[in-house]
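Notes for the one structure printed next.
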Amino acid sequence: MREPLLHFTLLGATIFGIDALLHPPAKDEKIITVTKVMRQSFIDNFDEDKERAPSSDQLQKMIDSWVASEILYREGKTLGVDRGDETIRDRIAYKMQLLIFDQIRVPRPSDEQLQAWFAENHVRFDEPERVSFYITPPTDQSTAQRQLEDIAQQRESEELQHLTRAILARPIPSLAASFGEDFRDRLLTMPEGEWRLLQSREGWHVARLDSRRPGNLANLDKVRDEAARIWHTEETRRLAWEAVERLKASYQVRYEP
């Protein structure tokens with residue numbers, strides 16, 4: 001009777017016994033069904049390469065493990081041990097999400113639907129204007145000025161040559177996020193082949209504009225398959241969110257002040 005483990009076991013049995021008396025389970029809650037589909041999933045997941053199937057003993061061990069997990073899950077839910085556990089909550093929510101997505105069937109879009117969607121989203125398929133340039137590492141303004149003078153006199157150090165980056169065919173719309181809008185605007189006004197000082201959000205650089213390549217508007221006929229795939233993904237997500245919103249309608253959401 002001095003063993004802590006025995007005390008814990010007896011306490012657990014008492015809790016389960018009292019809870020069973022106060023909250024008798026529904027008949028179906030005590031039935032666990034291992035379906036043919038589930039059994040086949042164990043077989044399929046046994047070997048990713050599907051070069052061999054599990055033996056009868058191996059398959060039974062996987063089934064026993066799942067049954068034990070299901071029992072513990074149900075008993076834990078009954079006792080409310082999942083409350084406040086974000087990991088369990090997220091796993092259950094994710095499983096519900098998969099179930100909702102599995103029920104959604106989205107047919108291929110009609111030409112009219114795809115054309116209307118493409119007209120609103122063509123920028124996602126357009127080939128953007130691109131720019132290539134060379135840039136030294138960020139530093140303070142006075143150091144960058146000395147580097148510019150050294151480069152102009154062709155006496156820059158080997159270290160600076162090694163650290164100078166060549167940025168090739170960079171989409172112009174992405175420049176602002178990396179270097180800042182002012183850097184982008186000043187770079188695009190520079191004459192090609194001329195080294196100049198440029199300030200980015202990280203510091204001062206010596207930069208040389210090498211080339212610019214114009215963009216092209218996308219043609220639906222050339223990207224039809226990709227556009228249809230993206231449309232299908234977004235339409236599936238939209239319908240799934242609508243399903244969640246319908247479920248949400250039966251709940252009352254309250255916010256603590």
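Chain identifiers are assigned as A, B, and so on, following the order in which chains appear in the structure tokens; residues are numbered from 1 within each chain, and ligands are numbered from 1 in order of appearance.
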
Identify, on the basis of only C-alpha atoms, every residue whose closest approach to region 231-240 of chain A does not exceed 7 Å; exclude the query and any residue fewer than 6 positions from it along the same chain; express the result as a PDB file with all heavy atoms, in the first residue's frame.
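Once written, selection_3.pdb looks like this:
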```pdb
ATOM      1  N   ILE A 100     -14.122  17.550 -44.194  1.00  0.00           N
ATOM      2  CA  ILE A 100     -14.879  18.524 -44.981  1.00  0.00           C
ATOM      3  C   ILE A 100     -14.361  18.577 -46.412  1.00  0.00           C
ATOM      4  O   ILE A 100     -15.126  18.531 -47.378  1.00  0.00           O
ATOM      5  CB  ILE A 100     -14.808  19.914 -44.321  1.00  0.00           C
ATOM      6  CG1 ILE A 100     -15.619  19.913 -43.018  1.00  0.00           C
ATOM      7  CG2 ILE A 100     -15.327  20.997 -45.257  1.00  0.00           C
ATOM      8  CD1 ILE A 100     -15.498  21.197 -42.225  1.00  0.00           C
ATOM      9  N   PHE A 101     -13.040  18.652 -46.557  1.00  0.00           N
ATOM     10  CA  PHE A 101     -12.459  18.701 -47.898  1.00  0.00           C
ATOM     11  C   PHE A 101     -12.781  17.443 -48.687  1.00  0.00           C
ATOM     12  O   PHE A 101     -12.968  17.490 -49.906  1.00  0.00           O
ATOM     13  CB  PHE A 101     -10.942  18.885 -47.805  1.00  0.00           C
ATOM     14  CG  PHE A 101     -10.507  20.322 -47.768  1.00  0.00           C
ATOM     15  CD1 PHE A 101     -10.366  20.990 -46.563  1.00  0.00           C
ATOM     16  CD2 PHE A 101     -10.245  21.012 -48.939  1.00  0.00           C
ATOM     17  CE1 PHE A 101      -9.967  22.317 -46.519  1.00  0.00           C
ATOM     18  CE2 PHE A 101      -9.849  22.342 -48.911  1.00  0.00           C
ATOM     19  CZ  PHE A 101      -9.712  22.997 -47.702  1.00  0.00           C
ATOM     20  N   ILE A 104     -16.094  17.571 -50.581  1.00  0.00           N
ATOM     21  CA  ILE A 104     -16.299  18.590 -51.613  1.00  0.00           C
ATOM     22  C   ILE A 104     -15.894  18.050 -52.976  1.00  0.00           C
ATOM     23  O   ILE A 104     -14.813  17.494 -53.145  1.00  0.00           O
ATOM     24  CB  ILE A 104     -15.485  19.860 -51.285  1.00  0.00           C
ATOM     25  CG1 ILE A 104     -16.009  20.495 -50.000  1.00  0.00           C
ATOM     26  CG2 ILE A 104     -15.533  20.857 -52.431  1.00  0.00           C
ATOM     27  CD1 ILE A 104     -15.203  21.671 -49.530  1.00  0.00           C
ATOM     28  N   VAL A 106     -15.599  19.445 -56.777  1.00  0.00           N
ATOM     29  CA  VAL A 106     -15.628  20.626 -57.639  1.00  0.00           C
ATOM     30  C   VAL A 106     -15.382  20.191 -59.084  1.00  0.00           C
ATOM     31  O   VAL A 106     -14.323  19.652 -59.393  1.00  0.00           O
ATOM     32  CB  VAL A 106     -14.563  21.656 -57.213  1.00  0.00           C
ATOM     33  CG1 VAL A 106     -14.582  22.868 -58.134  1.00  0.00           C
ATOM     34  CG2 VAL A 106     -14.784  22.080 -55.771  1.00  0.00           C
TER      35      VAL A 106
END
```

Shell around Arg39 (chain A) at 10 Å using only C-alpha atoms, local window under 4 positions removed, as a list in words:
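Counting only C-alpha atoms, the residues come to Val34, Thr35, Ile43, Asp44, Leu59, Gln60, Met62 and Ile63 of chain A.
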
In Å, rounded to a single decimal, give me how far CA of Arg89 (chain A) is from CA of Asp47 (chain A).
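For CA of Asp47 (chain A) relative to CA of Arg89 (chain A), the distance reads 29.4 Å.
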
Can you list, as an NGL selection string, every residue of region 69-166 of chain A that DSSP puts in helix (DSSP H, G or I)?
:A and (69-79 or 86-103 or 111-124 or 141-152 or 158-163)

Just the residues within 10 Å of Glu129 (chain A), please, counting only C-alpha atoms, with nothing from its chain fewer than 5 positions along; format it as a ChimeraX atom specification.
/A:169-173,212-216

Generate the output file for the selected residues, N, CA, C and O atoms, as a PDB file, in the first residue's frame.
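Done, and the output landed in result.pdb:
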```
ATOM      1  N   ALA A 169      18.114  38.567 -63.525  1.00  0.00           N
ATOM      2  CA  ALA A 169      16.705  38.389 -63.916  1.00  0.00           C
ATOM      3  C   ALA A 169      15.769  38.439 -62.721  1.00  0.00           C
ATOM      4  O   ALA A 169      14.867  37.604 -62.585  1.00  0.00           O
ATOM      5  N   ARG A 170      15.952  39.417 -61.870  1.00  0.00           N
ATOM      6  CA  ARG A 170      15.105  39.568 -60.686  1.00  0.00           C
ATOM      7  C   ARG A 170      13.813  40.285 -61.092  1.00  0.00           C
ATOM      8  O   ARG A 170      13.854  41.345 -61.719  1.00  0.00           O
ATOM      9  N   PRO A 171      12.639  39.723 -60.752  1.00  0.00           N
ATOM     10  CA  PRO A 171      11.381  40.414 -61.063  1.00  0.00           C
ATOM     11  C   PRO A 171      11.334  41.773 -60.366  1.00  0.00           C
ATOM     12  O   PRO A 171      11.569  41.863 -59.152  1.00  0.00           O
ATOM     13  N   ILE A 172      11.028  42.808 -61.113  1.00  0.00           N
ATOM     14  CA  ILE A 172      11.016  44.155 -60.540  1.00  0.00           C
ATOM     15  C   ILE A 172      10.021  44.284 -59.385  1.00  0.00           C
ATOM     16  O   ILE A 172      10.325  44.934 -58.371  1.00  0.00           O
ATOM     17  N   PRO A 173       8.824  43.648 -59.451  1.00  0.00           N
ATOM     18  CA  PRO A 173       7.886  43.784 -58.317  1.00  0.00           C
ATOM     19  C   PRO A 173       8.435  43.260 -56.994  1.00  0.00           C
ATOM     20  O   PRO A 173       7.936  43.626 -55.928  1.00  0.00           O
ATOM     21  N   ARG A 212      17.747  45.172 -68.424  1.00  0.00           N
ATOM     22  CA  ARG A 212      16.324  45.089 -68.116  1.00  0.00           C
ATOM     23  C   ARG A 212      15.646  44.277 -69.201  1.00  0.00           C
ATOM     24  O   ARG A 212      15.951  44.424 -70.385  1.00  0.00           O
ATOM     25  N   ARG A 213      14.726  43.411 -68.769  1.00  0.00           N
ATOM     26  CA  ARG A 213      13.994  42.586 -69.729  1.00  0.00           C
ATOM     27  C   ARG A 213      12.512  42.861 -69.564  1.00  0.00           C
ATOM     28  O   ARG A 213      11.966  42.694 -68.468  1.00  0.00           O
ATOM     29  N   PRO A 214      11.846  43.296 -70.629  1.00  0.00           N
ATOM     30  CA  PRO A 214      10.422  43.630 -70.498  1.00  0.00           C
ATOM     31  C   PRO A 214       9.575  42.417 -70.156  1.00  0.00           C
ATOM     32  O   PRO A 214       9.937  41.269 -70.451  1.00  0.00           O
ATOM     33  N   GLY A 215       8.424  42.673 -69.555  1.00  0.00           N
ATOM     34  CA  GLY A 215       7.500  41.594 -69.213  1.00  0.00           C
ATOM     35  C   GLY A 215       6.537  41.305 -70.347  1.00  0.00           C
ATOM     36  O   GLY A 215       6.498  42.012 -71.361  1.00  0.00           O
ATOM     37  N   ASN A 216       5.769  40.247 -70.171  1.00  0.00           N
ATOM     38  CA  ASN A 216       4.778  39.842 -71.174  1.00  0.00           C
ATOM     39  C   ASN A 216       3.472  39.483 -70.487  1.00  0.00           C
ATOM     40  O   ASN A 216       3.472  38.867 -69.411  1.00  0.00           O
TER      41      ASN A 216
END
```
